[in-house]
file work01.tsv (TSV, C-alpha atoms)
chain	number	residue	atom	x	y	z
A	1	MET	CA	221.56	-33.24	91.82
A	2	SER	CA	219.36	-33.59	88.81
A	3	PHE	CA	219.89	-35.89	85.85
A	4	GLY	CA	217.99	-36.31	82.61
A	5	GLN	CA	217.36	-39.85	81.43
A	6	GLN	CA	219.67	-39.58	78.43
A	7	SER	CA	223.15	-40.97	79.07
A	8	PHE	CA	222.48	-41.10	82.77
A	9	GLU	CA	225.50	-43.34	83.25
A	10	GLU	CA	227.89	-40.79	81.76
A	11	LYS	CA	226.37	-37.95	83.72
A	12	PHE	CA	226.44	-39.91	86.94
A	13	LYS	CA	230.11	-40.80	86.46
A	14	ASP	CA	230.98	-37.19	85.60
A	15	TYR	CA	229.14	-36.08	88.72
A	16	MET	CA	231.09	-38.56	90.87
A	17	ALA	CA	234.35	-37.40	89.28
A	18	SER	CA	233.53	-33.81	90.17
A	19	GLN	CA	233.03	-34.76	93.81
A	20	TYR	CA	236.70	-35.67	94.32
A	21	VAL	CA	237.66	-32.07	93.75
A	22	SER	CA	234.80	-30.50	95.68
A	23	ASN	CA	235.16	-32.86	98.67
A	24	ASN	CA	238.91	-32.36	98.81
A	25	LYS	CA	239.34	-35.48	100.94
A	26	ILE	CA	241.74	-37.49	98.83
A	27	GLN	CA	244.47	-38.98	100.99
A	28	GLU	CA	247.99	-38.91	99.71
A	29	TYR	CA	249.66	-42.29	99.62
A	30	ASP	CA	252.51	-41.06	101.84
A	31	ASP	CA	250.04	-40.07	104.58
A	32	LEU	CA	248.03	-43.25	104.47
A	33	GLU	CA	247.75	-45.77	107.29
A	34	GLN	CA	244.63	-47.69	106.41
A	35	LEU	CA	241.62	-47.02	104.26
A	36	GLU	CA	238.34	-48.90	104.13
A	37	MET	CA	236.44	-48.94	100.87
A	38	PRO	CA	232.89	-50.25	100.71
A	39	PHE	CA	232.13	-52.76	97.96
A	40	ALA	CA	230.37	-51.22	95.00
A	41	ASN	CA	227.73	-53.33	93.27
A	42	ILE	CA	226.95	-52.39	89.74
A	43	VAL	CA	226.41	-55.56	87.75
A	44	GLY	CA	225.42	-59.08	88.61
A	45	TYR	CA	225.49	-60.81	91.94
A	46	ASP	CA	228.97	-62.11	92.58
A	47	LEU	CA	231.21	-59.26	91.54
A	48	ASN	CA	232.27	-56.41	93.75
A	49	TYR	CA	233.86	-53.32	92.29
A	50	ILE	CA	236.18	-50.57	93.39
A	51	PRO	CA	235.51	-47.09	92.05
A	52	CYS	CA	238.58	-45.30	90.67
A	53	LEU	CA	239.30	-41.95	89.12
A	54	VAL	CA	241.93	-42.42	86.44
A	55	ASN	CA	243.36	-39.15	85.15
A	56	GLY	CA	240.02	-37.54	85.95
A	57	VAL	CA	237.76	-40.27	84.55
A	58	TYR	CA	235.52	-42.14	87.02
A	59	ASP	CA	234.66	-45.81	86.58
A	60	TYR	CA	234.41	-49.18	88.35
A	61	TYR	CA	237.20	-51.77	88.50
A	62	VAL	CA	237.38	-55.39	89.54
A	63	LEU	CA	240.19	-56.28	91.91
A	64	ASP	CA	242.21	-58.89	90.03
A	65	THR	CA	245.33	-60.41	91.57
A	66	GLY	CA	245.98	-62.12	88.24
A	67	CYS	CA	246.48	-58.79	86.46
A	68	SER	CA	250.15	-57.80	86.53
A	69	PHE	CA	249.48	-54.19	85.57
A	70	GLY	CA	248.17	-51.52	87.92
A	71	ILE	CA	245.05	-51.22	85.89
A	72	ALA	CA	243.88	-52.81	82.67
A	73	ILE	CA	241.35	-50.80	80.71
A	74	ASN	CA	239.45	-51.14	77.46
A	75	ASN	CA	239.71	-48.92	74.40
A	76	LYS	CA	236.49	-47.10	75.11
A	77	LEU	CA	237.66	-45.86	78.49
A	78	PHE	CA	241.12	-45.09	77.16
A	79	LYS	CA	239.62	-42.82	74.51
A	80	LYS	CA	237.73	-41.01	77.24
A	81	ILE	CA	240.91	-40.61	79.26
A	82	LEU	CA	242.74	-39.31	76.18
A	83	ASN	CA	240.08	-36.62	75.84
A	84	THR	CA	241.13	-35.19	79.19
A	85	GLU	CA	244.46	-34.34	77.53
A	86	GLU	CA	246.30	-35.65	80.57
A	87	VAL	CA	248.10	-38.45	78.73
A	88	PHE	CA	251.23	-37.49	76.83
A	89	TYR	CA	253.41	-39.13	74.24
A	90	GLU	CA	256.15	-39.84	76.78
A	91	ASP	CA	253.64	-41.77	78.92
A	92	PHE	CA	253.34	-44.41	76.18
A	93	LEU	CA	255.88	-47.18	76.78
A	94	GLY	CA	255.02	-49.39	73.79
A	95	GLY	CA	253.24	-52.65	73.16
A	96	ALA	CA	253.41	-55.92	75.07
A	97	LYS	CA	252.07	-59.42	74.85
A	98	MET	CA	249.84	-60.43	77.73
A	99	MET	CA	248.50	-63.86	78.57
A	100	THR	CA	244.77	-63.86	79.22
A	101	ALA	CA	242.94	-65.96	81.82
A	102	VAL	CA	242.29	-68.69	79.25
A	103	GLY	CA	245.90	-68.91	78.10
A	104	ASP	CA	245.55	-66.89	74.91
A	105	TYR	CA	247.90	-64.06	74.15
A	106	SER	CA	246.73	-60.56	73.54
A	107	VAL	CA	248.68	-57.47	72.48
A	108	VAL	CA	248.21	-54.48	74.75
A	109	ARG	CA	249.50	-50.93	74.82
A	110	ILE	CA	251.34	-49.90	77.96
A	111	ILE	CA	250.81	-46.42	79.33
A	112	ILE	CA	251.91	-44.80	82.57
A	113	MET	CA	248.90	-43.07	84.07
A	114	ASN	CA	249.94	-40.01	85.95
A	115	GLU	CA	247.25	-40.30	88.61
A	116	VAL	CA	244.92	-43.05	89.80
A	117	ILE	CA	242.66	-42.31	92.75
A	118	ILE	CA	241.11	-45.42	94.24
A	119	GLY	CA	237.95	-45.29	96.35
A	120	LYS	CA	234.97	-42.98	96.48
A	121	PRO	CA	235.39	-39.19	96.73
A	122	SER	CA	235.27	-39.00	100.52
A	123	LYS	CA	237.45	-42.07	101.11
A	124	SER	CA	240.17	-42.33	98.55
A	125	ILE	CA	243.92	-42.58	98.02
A	126	ARG	CA	245.95	-40.89	95.33
A	127	LEU	CA	248.52	-43.05	93.55
A	128	LYS	CA	250.99	-41.72	91.04
A	129	ASN	CA	252.54	-43.28	87.93
A	130	VAL	CA	250.45	-46.40	87.55
A	131	MET	CA	251.38	-48.96	84.89
A	132	THR	CA	248.33	-49.36	82.67
A	133	ALA	CA	247.47	-51.88	79.98
A	134	VAL	CA	245.03	-50.86	77.28
A	135	TYR	CA	243.56	-53.89	75.56
A	136	ASP	CA	241.90	-53.97	72.19
A	137	SER	CA	238.22	-54.22	73.07
A	138	ASP	CA	235.53	-51.68	73.74
A	139	GLU	CA	233.52	-53.66	76.22
A	140	GLY	CA	235.89	-55.69	78.41
A	141	PRO	CA	236.06	-55.34	82.20
A	142	LEU	CA	238.28	-52.82	83.92
A	143	LEU	CA	240.81	-54.46	86.21
A	144	LEU	CA	242.79	-53.27	89.21
A	145	GLY	CA	245.93	-55.36	89.52
A	146	GLN	CA	249.34	-55.97	90.98
A	147	ASP	CA	251.14	-52.71	90.19
A	148	ILE	CA	248.65	-51.11	92.58
A	149	LEU	CA	248.13	-54.00	94.98
A	150	LYS	CA	251.88	-54.33	95.66
A	151	ARG	CA	252.02	-50.77	96.93
A	152	PHE	CA	250.17	-51.87	100.06
A	153	SER	CA	251.43	-54.10	102.88
A	154	SER	CA	248.08	-55.84	103.02
A	155	ILE	CA	244.69	-55.79	101.37
A	156	THR	CA	241.81	-57.42	103.16
A	157	ILE	CA	238.55	-58.45	101.57
A	158	ASP	CA	236.07	-58.21	104.43
A	159	ASN	CA	233.02	-60.00	103.07
A	160	LYS	CA	231.11	-59.71	106.33
A	161	ASN	CA	231.30	-55.93	106.43
A	162	GLN	CA	231.38	-55.58	102.62
A	163	VAL	CA	234.56	-53.50	102.57
A	164	TYR	CA	238.09	-53.68	101.19
A	165	LYS	CA	240.79	-52.63	103.64
A	166	PHE	CA	243.95	-51.18	102.16
A	167	LYS	CA	246.81	-50.95	104.64
A	168	LYS	CA	250.05	-49.23	103.79
B	1	MET	CA	210.90	-64.72	103.07
B	2	LYS	CA	210.68	-61.08	103.98
B	3	LYS	CA	213.61	-60.54	101.69
B	4	ILE	CA	211.36	-61.09	98.71
B	5	ILE	CA	208.83	-58.56	99.84
B	6	ALA	CA	211.60	-56.16	100.60
B	7	LEU	CA	212.78	-56.31	97.05
B	8	ILE	CA	209.39	-55.41	95.70
B	9	LEU	CA	208.93	-52.59	98.12
B	10	PHE	CA	212.35	-51.28	97.52
B	11	ILE	CA	211.74	-50.32	93.91
B	12	PRO	CA	210.25	-46.92	94.76
B	13	ILE	CA	213.33	-45.52	96.38
B	14	ILE	CA	215.34	-45.62	93.21
B	15	SER	CA	214.91	-42.15	92.02
B	16	ILE	CA	217.15	-39.14	92.11
B	17	ALA	CA	215.67	-36.14	93.84
B	18	GLN	CA	214.73	-33.29	91.61
B	19	VAL	CA	212.13	-31.11	93.28
B	20	ASN	CA	211.67	-31.26	97.05
B	21	LYS	CA	210.79	-29.11	99.99
B	22	ASN	CA	212.05	-30.84	103.11
B	23	ASN	CA	215.63	-31.50	104.02
B	24	VAL	CA	217.33	-34.70	105.05
B	25	VAL	CA	220.40	-34.71	107.24
B	26	PHE	CA	222.64	-37.68	106.59
B	27	LYS	CA	225.03	-39.51	108.89
B	28	ASP	CA	227.90	-37.20	107.97
B	29	GLY	CA	225.85	-34.11	108.78
B	30	VAL	CA	225.33	-33.22	105.14
B	31	GLU	CA	221.95	-31.69	104.60
B	32	MET	CA	220.20	-32.36	101.33
B	33	LYS	CA	217.56	-29.82	100.61
B	34	GLU	CA	214.48	-30.85	98.70
B	35	PHE	CA	215.11	-34.55	99.12
B	36	ALA	CA	212.60	-35.97	101.57
B	37	ASN	CA	209.41	-34.90	99.82
B	38	THR	CA	210.35	-36.32	96.46
B	39	PHE	CA	211.68	-39.46	98.02
B	40	ILE	CA	208.48	-40.09	99.98
B	41	SER	CA	206.33	-39.08	97.04
B	42	ASN	CA	208.12	-41.46	94.63
B	43	CYS	CA	208.02	-44.18	97.23
B	44	LYS	CA	204.26	-43.81	97.60
B	45	ILE	CA	203.59	-43.64	93.86
B	46	SER	CA	205.64	-46.75	93.19
B	47	ALA	CA	203.74	-48.57	95.88
B	48	GLY	CA	200.46	-47.58	94.22
B	49	ASN	CA	199.66	-45.14	97.04
B	50	ALA	CA	198.69	-48.05	99.25
B	51	PRO	CA	197.05	-46.92	102.48
B	52	GLY	CA	199.60	-46.35	105.23
B	53	ILE	CA	202.63	-46.87	102.96
B	54	GLU	CA	203.98	-43.44	103.86
B	55	ALA	CA	205.04	-44.73	107.28
B	56	PHE	CA	207.18	-47.39	105.63
B	57	CYS	CA	208.70	-44.85	103.23
B	58	LEU	CA	209.48	-42.47	106.07
B	59	CYS	CA	211.02	-45.23	108.17
B	60	PHE	CA	213.17	-46.25	105.24
B	61	LEU	CA	214.39	-42.72	104.55
B	62	GLU	CA	215.14	-42.01	108.21
B	63	ASN	CA	217.17	-45.17	108.55
B	64	LEU	CA	218.94	-44.61	105.26
B	65	ALA	CA	219.96	-41.12	106.36
B	66	SER	CA	221.15	-42.25	109.77
B	67	ASN	CA	223.17	-45.17	108.42
B	68	PHE	CA	224.75	-43.66	105.33
B	69	THR	CA	226.51	-40.49	104.30
B	70	ALA	CA	225.00	-38.35	101.55
B	71	GLU	CA	227.74	-39.48	99.19
B	72	GLU	CA	227.06	-43.13	99.96
B	73	VAL	CA	223.37	-42.72	99.23
B	74	ILE	CA	224.01	-40.84	95.99
B	75	SER	CA	226.59	-43.32	94.77
B	76	MET	CA	224.53	-46.37	95.77
B	77	THR	CA	221.43	-45.12	94.03
B	78	GLY	CA	223.41	-44.01	90.99
B	79	GLU	CA	225.12	-47.39	90.76
B	80	ALA	CA	221.76	-49.12	91.01
B	81	LEU	CA	220.37	-46.96	88.23
B	82	ILE	CA	223.26	-47.66	85.87
B	83	SER	CA	223.19	-51.40	86.61
B	84	SER	CA	220.09	-52.03	84.49
B	85	SER	CA	217.22	-50.33	82.76
B	86	ASN	CA	214.80	-52.56	84.62
B	87	LYS	CA	213.45	-51.29	87.95
B	88	VAL	CA	213.38	-54.67	89.64
B	89	GLU	CA	217.02	-55.28	88.71
B	90	GLN	CA	217.96	-51.80	89.83
B	91	ALA	CA	216.30	-52.44	93.17
B	92	ASN	CA	218.11	-55.71	93.44
B	93	THR	CA	221.48	-54.06	92.84
B	94	LEU	CA	220.81	-51.60	95.62
B	95	TRP	CA	219.68	-54.43	97.78
B	96	GLN	CA	223.03	-56.21	97.56
B	97	ASN	CA	224.14	-53.91	100.37
B	98	ASP	CA	223.59	-55.70	103.67
B	99	LYS	CA	222.77	-52.52	105.58
B	100	VAL	CA	220.09	-51.67	103.04
B	101	LYS	CA	218.65	-55.16	103.44
B	102	LEU	CA	218.57	-54.75	107.19
B	103	ILE	CA	216.88	-51.36	107.02
B	104	THR	CA	214.25	-52.69	104.65
B	105	GLN	CA	213.49	-55.66	106.85
B	106	GLN	CA	213.36	-53.49	109.95
B	107	CYS	CA	210.91	-51.05	108.35
B	108	LEU	CA	208.78	-53.90	107.06
B	109	GLU	CA	208.51	-55.32	110.53
B	110	GLU	CA	207.69	-51.95	112.02
B	111	ASN	CA	205.07	-51.26	109.36
B	112	ALA	CA	203.63	-54.69	108.69
B	113	GLN	CA	200.06	-53.39	108.58
B	114	SER	CA	200.76	-50.67	106.05
B	115	VAL	CA	202.37	-52.98	103.51
B	116	LYS	CA	199.60	-55.55	103.62
B	117	SER	CA	197.55	-53.84	100.93
B	118	LEU	CA	200.40	-54.00	98.43
B	119	GLU	CA	200.33	-56.35	95.50
B	120	TRP	CA	203.05	-57.33	93.08
B	121	ASN	CA	203.06	-57.84	89.39
B	122	ALA	CA	205.14	-60.98	88.95
B	123	ASP	CA	206.47	-60.54	85.42
B	124	ASP	CA	209.35	-62.56	83.93
B	125	LYS	CA	211.97	-60.11	85.12
B	126	MET	CA	210.73	-60.27	88.68
B	127	ILE	CA	210.71	-64.05	88.53
B	128	ASP	CA	214.32	-63.96	87.27
B	129	VAL	CA	215.41	-61.69	90.09
B	130	VAL	CA	213.63	-63.62	92.83
B	131	ALA	CA	215.06	-66.87	91.41
B	132	GLU	CA	218.57	-65.44	91.47
B	133	GLN	CA	218.05	-64.15	94.99
B	134	HIS	CA	216.97	-67.59	96.07
B	135	LEU	CA	220.17	-69.08	94.66
B	136	GLN	CA	222.19	-66.38	96.38
B	137	GLN	CA	220.53	-67.20	99.68
B	138	ILE	CA	221.42	-70.87	99.30
B	139	LYS	CA	224.98	-69.90	98.41
B	140	ALA	CA	225.19	-67.53	101.37
B	141	GLU	CA	224.25	-70.34	103.71
B	142	SER	CA	226.92	-72.66	102.34
B	143	ILE	CA	228.87	-72.45	99.12
B	144	GLU	CA	229.92	-76.07	99.67
B	145	ALA	CA	226.31	-77.20	99.87
B	146	TYR	CA	225.40	-75.09	96.86
B	147	ASN	CA	228.13	-76.65	94.75
B	148	GLU	CA	227.22	-80.13	95.96
B	149	ALA	CA	223.58	-79.53	95.04
B	150	SER	CA	224.60	-78.35	91.57
B	151	LYS	CA	225.89	-81.86	90.85
B	152	THR	CA	222.42	-83.33	91.08
B	153	ILE	CA	220.02	-80.44	90.47
B	154	ASN	CA	219.77	-78.06	87.54
B	155	LEU	CA	219.83	-75.09	89.84
B	156	LYS	CA	218.87	-72.34	87.41
B	157	PRO	CA	215.61	-73.94	86.23
B	158	TYR	CA	214.97	-75.09	89.79
B	159	SER	CA	215.18	-71.51	91.05
B	160	LEU	CA	212.92	-70.24	88.26
B	161	CYS	CA	210.35	-72.91	89.10
B	162	TYR	CA	210.51	-71.94	92.77
B	163	ALA	CA	210.20	-68.21	92.11
B	164	ARG	CA	207.33	-68.65	89.64
B	165	LYS	CA	205.30	-70.76	92.06
B	166	LEU	CA	206.09	-68.62	95.06
B	167	LEU	CA	205.07	-65.40	93.36
B	168	SER	CA	201.90	-66.91	91.93
B	169	GLU	CA	200.70	-68.54	95.15
B	170	PHE	CA	201.64	-65.94	97.73
B	171	LYS	CA	200.82	-62.30	98.19
B	172	ILE	CA	203.01	-59.76	99.92
B	173	ALA	CA	200.73	-59.85	102.94
B	174	ASP	CA	201.17	-63.62	103.23
B	175	LEU	CA	204.92	-63.35	103.34
B	176	ILE	CA	205.10	-60.81	106.13
B	177	ASN	CA	203.96	-63.29	108.71
B	178	LEU	CA	204.04	-66.80	107.39
B	179	THR	CA	201.82	-69.34	109.06
B	180	GLN	CA	203.08	-72.84	109.74
B	181	LYS	CA	200.93	-74.08	106.89
B	182	GLN	CA	202.46	-71.55	104.50
B	183	ILE	CA	205.98	-72.47	105.57
B	184	LEU	CA	205.17	-76.09	104.80
B	185	ARG	CA	203.79	-75.10	101.42
B	186	ILE	CA	206.99	-73.25	100.58
B	187	GLN	CA	208.99	-76.35	101.51
B	188	GLU	CA	206.68	-78.35	99.26
B	189	ILE	CA	207.30	-75.92	96.42
B	190	GLN	CA	211.03	-76.36	96.89
B	191	ASN	CA	210.70	-80.14	96.88
B	192	GLU	CA	208.44	-80.12	93.81
B	193	CYS	CA	210.88	-77.91	91.93
B	194	VAL	CA	213.85	-80.02	92.97
B	195	MET	CA	212.10	-83.18	91.72
B	196	GLN	CA	211.29	-81.50	88.41
B	197	ASN	CA	214.88	-80.45	87.90
B	198	LEU	CA	216.97	-83.42	88.87
B	199	LYS	CA	219.84	-84.14	86.52

call {"tool": "encode", "arguments": {"input": "work01.tsv", "output": "structure tokens"}}
result
Amino acid sequence: MSFGQQSFEEKFKDYMASQYVSNNKIQEYDDLEQLEMPFANIVGYDLNYIPCLVNGVYDYYVLDTGCSFGIAINNKLFKKILNTEEVFYEDFLGGAKMMTAVGDYSVVRIIIMNEVIIGKPSKSIRLKNVMTAVYDSDEGPLLLGQDILKRFSSITIDNKNQVYKFKK
Amino acid sequence: MKKIIALILFIPIISIAQVNKNNVVFKDGVEMKEFANTFISNCKISAGNAPGIEAFCLCFLENLASNFTAEEVISMTGEALISSSNKVEQANTLWQNDKVKLITQQCLEENAQSVKSLEWNADDKMIDVVAEQHLQQIKAESIEAYNEASKTINLKPYSLCYARKLLSEFKIADLINLTQKQILRIQEIQNECVMQNLK
């Protein structure tokens, strides 16, 4: 693997995205019993992230039980996902009002993402038809919320071993 | 205290292999050609080619390979690199992984002599990172105690005061094997900084 310095982040994420296909180790949800996902640390000290591949675009999400959607993404990422040409007109459900963590309301666009793979390439689960909120900001955090979390019987945050455990 | 040294020493490993000769076999059996040489070479350069540092670099690489899969190493280093443009902060991101911390400490202990000649350049960024690590250590011991302390102490300036003094008074060699006198001095530094930052 060799990266130039320019847009390293983009190249790194593209490289990680390519590994899902080449590794061919994505578990189907129907076959899943339990999957352990190591915490990913990318910013700051107190936040742990979960890597996800959303319609072919790799990025890092914060597990957020207060997010009612499967994932909530910003405009910047959504534009990138649109470029994959995997989102169609019929996937767009319309707009909705969403209450933010501070009690304000924000208008979001609701999309059904055909495929969300959570975890790193060698340890990941494929989920289909994930309810996605696209909020009007280019820089906000990416969230992984209830529409995904409720698909599992339990999710354990194992701080000691620095892993999330998703059990079907 | 070794954690601080570990951070400084850890900076060299953050580089993506480009041209190498030797292979590394990771935990999952994946062989990465041309990895070891560049890794060791970058490690040595970043440590200023200190005498004997190669043993530490080798120890680190061996342990990394036996504890992680190739994908884990690639993703961890990539995530560290995208976390910041500053090398100390990148190292710190990587160092949030407990296994990485353990490996670093283990290799430091095994190679105490070879890291003695190293020196650090305590710039503002390093002071920030060491200060934040200090707060994280306090929090890791007890979040309750941390929150209680925050009622009476301005913790952020306290930690900066502590890091600044620690880095200016101690060398890496000192921190590998602290004497009783040095331990007392560190406690004094903590007390001084607490007193200076009471609310």

call {"tool": "atom_distance", "arguments": {"input": "work01.tsv", "atom1": "atom CA of A:Val21", "atom2": "atom CA of B:Ser83"}}
result
25.2 Å

call {"tool": "atom_distance", "arguments": {"input": "work01.tsv", "atom1": "atom CA of B:Lys116", "atom2": "atom CA of B:Leu175"}}
result
9.4 Å

call {"tool": "closest_residue", "arguments": {"input": "work01.tsv", "among": "B:Asn177, B:Ser66, B:Asn121, B:Ser159", "to": "B:Gln133", "atoms": "only C-alpha atoms"}}
result
B:Ser159

call {"tool": "interface_residues", "arguments": {"input": "work01.tsv", "of": "chain B", "to": "chain A", "cutoff": "10 Å", "atoms": "only C-alpha atoms", "output": "MDAnalysis selection string"}}
result
chainID B and resid 16:19 32 35 69 71:72 74:76 78:84 89:90 92:99 132:133 136

call {"tool": "closest_residue", "arguments": {"input": "work01.tsv", "among": "A:Gly66, A:Gly140, A:Val57, A:Gln27", "to": "A:Lys79", "atoms": "all atoms listed in the file"}}
result
A:Val57

call {"tool": "closest_residue", "arguments": {"input": "work01.tsv", "among": "B:Tyr158, B:Phe170, B:Trp120, B:Phe56", "to": "B:Gln106", "atoms": "all atoms listed in the file"}}
result
B:Phe56

call {"tool": "atom_distance", "arguments": {"input": "work01.tsv", "atom1": "atom CA of A:Arg109", "atom2": "atom CA of A:Thr84"}}
result
18.4 Å

call {"tool": "axis_aligned_box", "arguments": {"input": "work01.tsv", "around": "stretch 31-45 of chain A", "padding_each_side": "6 Å", "output": "AutoDock Vina command-line options"}}
result
--center_x 237.7 --center_y -50.4 --center_z 97.5 --size_x 36.6 --size_y 32.7 --size_z 31.5

call {"tool": "residues_near_point", "arguments": {"input": "work01.tsv", "point": "(210.2, -51.5, 111.5)", "cutoff": "12 Å", "atoms": "all atoms listed in the file", "output": "PyMOL selection string"}}
result
chain B and resi 6+55-63+102-115+176

call {"tool": "closest_residue", "arguments": {"input": "work01.tsv", "among": "B:Ser85, B:Asn67, B:Gln182, B:Gln187", "to": "B:Lys27", "atoms": "all atoms listed in the file"}}
result
B:Asn67

call {"tool": "residues_around", "arguments": {"input": "work01.tsv", "residues": "stretch 149-156 of chain B", "least_positions_apart": "5", "cutoff": "12 Å", "atoms": "all atoms listed in the file", "output": "PyMOL selection string"}}
result
chain B and resi 127-136+138-139+142-144+161-163+190-191+193-199

call {"tool": "write_last_selection", "arguments": {"input": "work01.tsv", "atoms": "C-alpha atoms", "output": "PDB file, keeping the file's coordinate frame"}}
result
ATOM      1  CA  ILE B 127     210.710 -64.050  88.530  1.00  0.00           C
ATOM      2  CA  ASP B 128     214.320 -63.960  87.270  1.00  0.00           C
ATOM      3  CA  VAL B 129     215.410 -61.690  90.090  1.00  0.00           C
ATOM      4  CA  VAL B 130     213.630 -63.620  92.830  1.00  0.00           C
ATOM      5  CA  ALA B 131     215.060 -66.870  91.410  1.00  0.00           C
ATOM      6  CA  GLU B 132     218.570 -65.440  91.470  1.00  0.00           C
ATOM      7  CA  GLN B 133     218.050 -64.150  94.990  1.00  0.00           C
ATOM      8  CA  HIS B 134     216.970 -67.590  96.070  1.00  0.00           C
ATOM      9  CA  LEU B 135     220.170 -69.080  94.660  1.00  0.00           C
ATOM     10  CA  GLN B 136     222.190 -66.380  96.380  1.00  0.00           C
ATOM     11  CA  ILE B 138     221.420 -70.870  99.300  1.00  0.00           C
ATOM     12  CA  LYS B 139     224.980 -69.900  98.410  1.00  0.00           C
ATOM     13  CA  SER B 142     226.920 -72.660 102.340  1.00  0.00           C
ATOM     14  CA  ILE B 143     228.870 -72.450  99.120  1.00  0.00           C
ATOM     15  CA  GLU B 144     229.920 -76.070  99.670  1.00  0.00           C
ATOM     16  CA  CYS B 161     210.350 -72.910  89.100  1.00  0.00           C
ATOM     17  CA  TYR B 162     210.510 -71.940  92.770  1.00  0.00           C
ATOM     18  CA  ALA B 163     210.200 -68.210  92.110  1.00  0.00           C
ATOM     19  CA  GLN B 190     211.030 -76.360  96.890  1.00  0.00           C
ATOM     20  CA  ASN B 191     210.700 -80.140  96.880  1.00  0.00           C
ATOM     21  CA  CYS B 193     210.880 -77.910  91.930  1.00  0.00           C
ATOM     22  CA  VAL B 194     213.850 -80.020  92.970  1.00  0.00           C
ATOM     23  CA  MET B 195     212.100 -83.180  91.720  1.00  0.00           C
ATOM     24  CA  GLN B 196     211.290 -81.500  88.410  1.00  0.00           C
ATOM     25  CA  ASN B 197     214.880 -80.450  87.900  1.00  0.00           C
ATOM     26  CA  LEU B 198     216.970 -83.420  88.870  1.00  0.00           C
ATOM     27  CA  LYS B 199     219.840 -84.140  86.520  1.00  0.00           C
TER      28      LYS B 199
END

call {"tool": "closest_residue", "arguments": {"input": "work01.tsv", "among": "A:Pro141, A:Ser68, A:Asp31, A:Asn83", "to": "A:Leu47", "atoms": "only C-alpha atoms"}}
result
A:Pro141

call {"tool": "residues_near_point", "arguments": {"input": "work01.tsv", "point": "(201.0, -58.0, 97.6)", "cutoff": "7 Å", "atoms": "all atoms listed in the file", "output": "PyMOL selection string"}}
result
chain B and resi 116-120+171-173

call {"tool": "closest_residue", "arguments": {"input": "work01.tsv", "among": "B:Asn86, B:Asn147, B:Asn23, B:Gln137", "to": "B:Ile40", "atoms": "all atoms listed in the file"}}
result
B:Asn23

call {"tool": "build_atoms", "arguments": {"input": "work01.tsv", "residues": "stretch 178-189 of chain B", "atoms": "N, CA and C atoms", "output": "compact mmCIF listing (two decimals), in the coordinates of the input"}}
result
# COMPACT_ATOMS: atom_id res chain seq x y z
N LEU B 178 204.41 -65.49 107.93
CA LEU B 178 204.04 -66.80 107.39
C LEU B 178 203.45 -67.69 108.47
N THR B 179 202.37 -68.37 108.13
CA THR B 179 201.82 -69.34 109.06
C THR B 179 202.60 -70.65 108.89
N GLN B 180 202.40 -71.55 109.83
CA GLN B 180 203.08 -72.84 109.74
C GLN B 180 202.70 -73.56 108.45
N LYS B 181 201.41 -73.43 108.10
CA LYS B 181 200.93 -74.08 106.89
C LYS B 181 201.62 -73.51 105.64
N GLN B 182 201.81 -72.20 105.65
CA GLN B 182 202.46 -71.55 104.50
C GLN B 182 203.94 -71.93 104.41
N ILE B 183 204.56 -72.05 105.58
CA ILE B 183 205.98 -72.47 105.57
C ILE B 183 206.09 -73.87 104.97
N LEU B 184 205.17 -74.73 105.35
CA LEU B 184 205.17 -76.09 104.80
C LEU B 184 204.95 -76.08 103.29
N ARG B 185 204.06 -75.19 102.85
CA ARG B 185 203.79 -75.10 101.42
C ARG B 185 205.05 -74.64 100.66
N ILE B 186 205.76 -73.72 101.24
CA ILE B 186 206.99 -73.25 100.58
C ILE B 186 208.02 -74.39 100.48
N GLN B 187 208.08 -75.19 101.56
CA GLN B 187 208.99 -76.35 101.51
C GLN B 187 208.54 -77.33 100.43
N GLU B 188 207.22 -77.47 100.32
CA GLU B 188 206.68 -78.35 99.26
C GLU B 188 207.06 -77.84 97.87
N ILE B 189 206.93 -76.53 97.71
CA ILE B 189 207.30 -75.92 96.42
C ILE B 189 208.76 -76.23 96.10
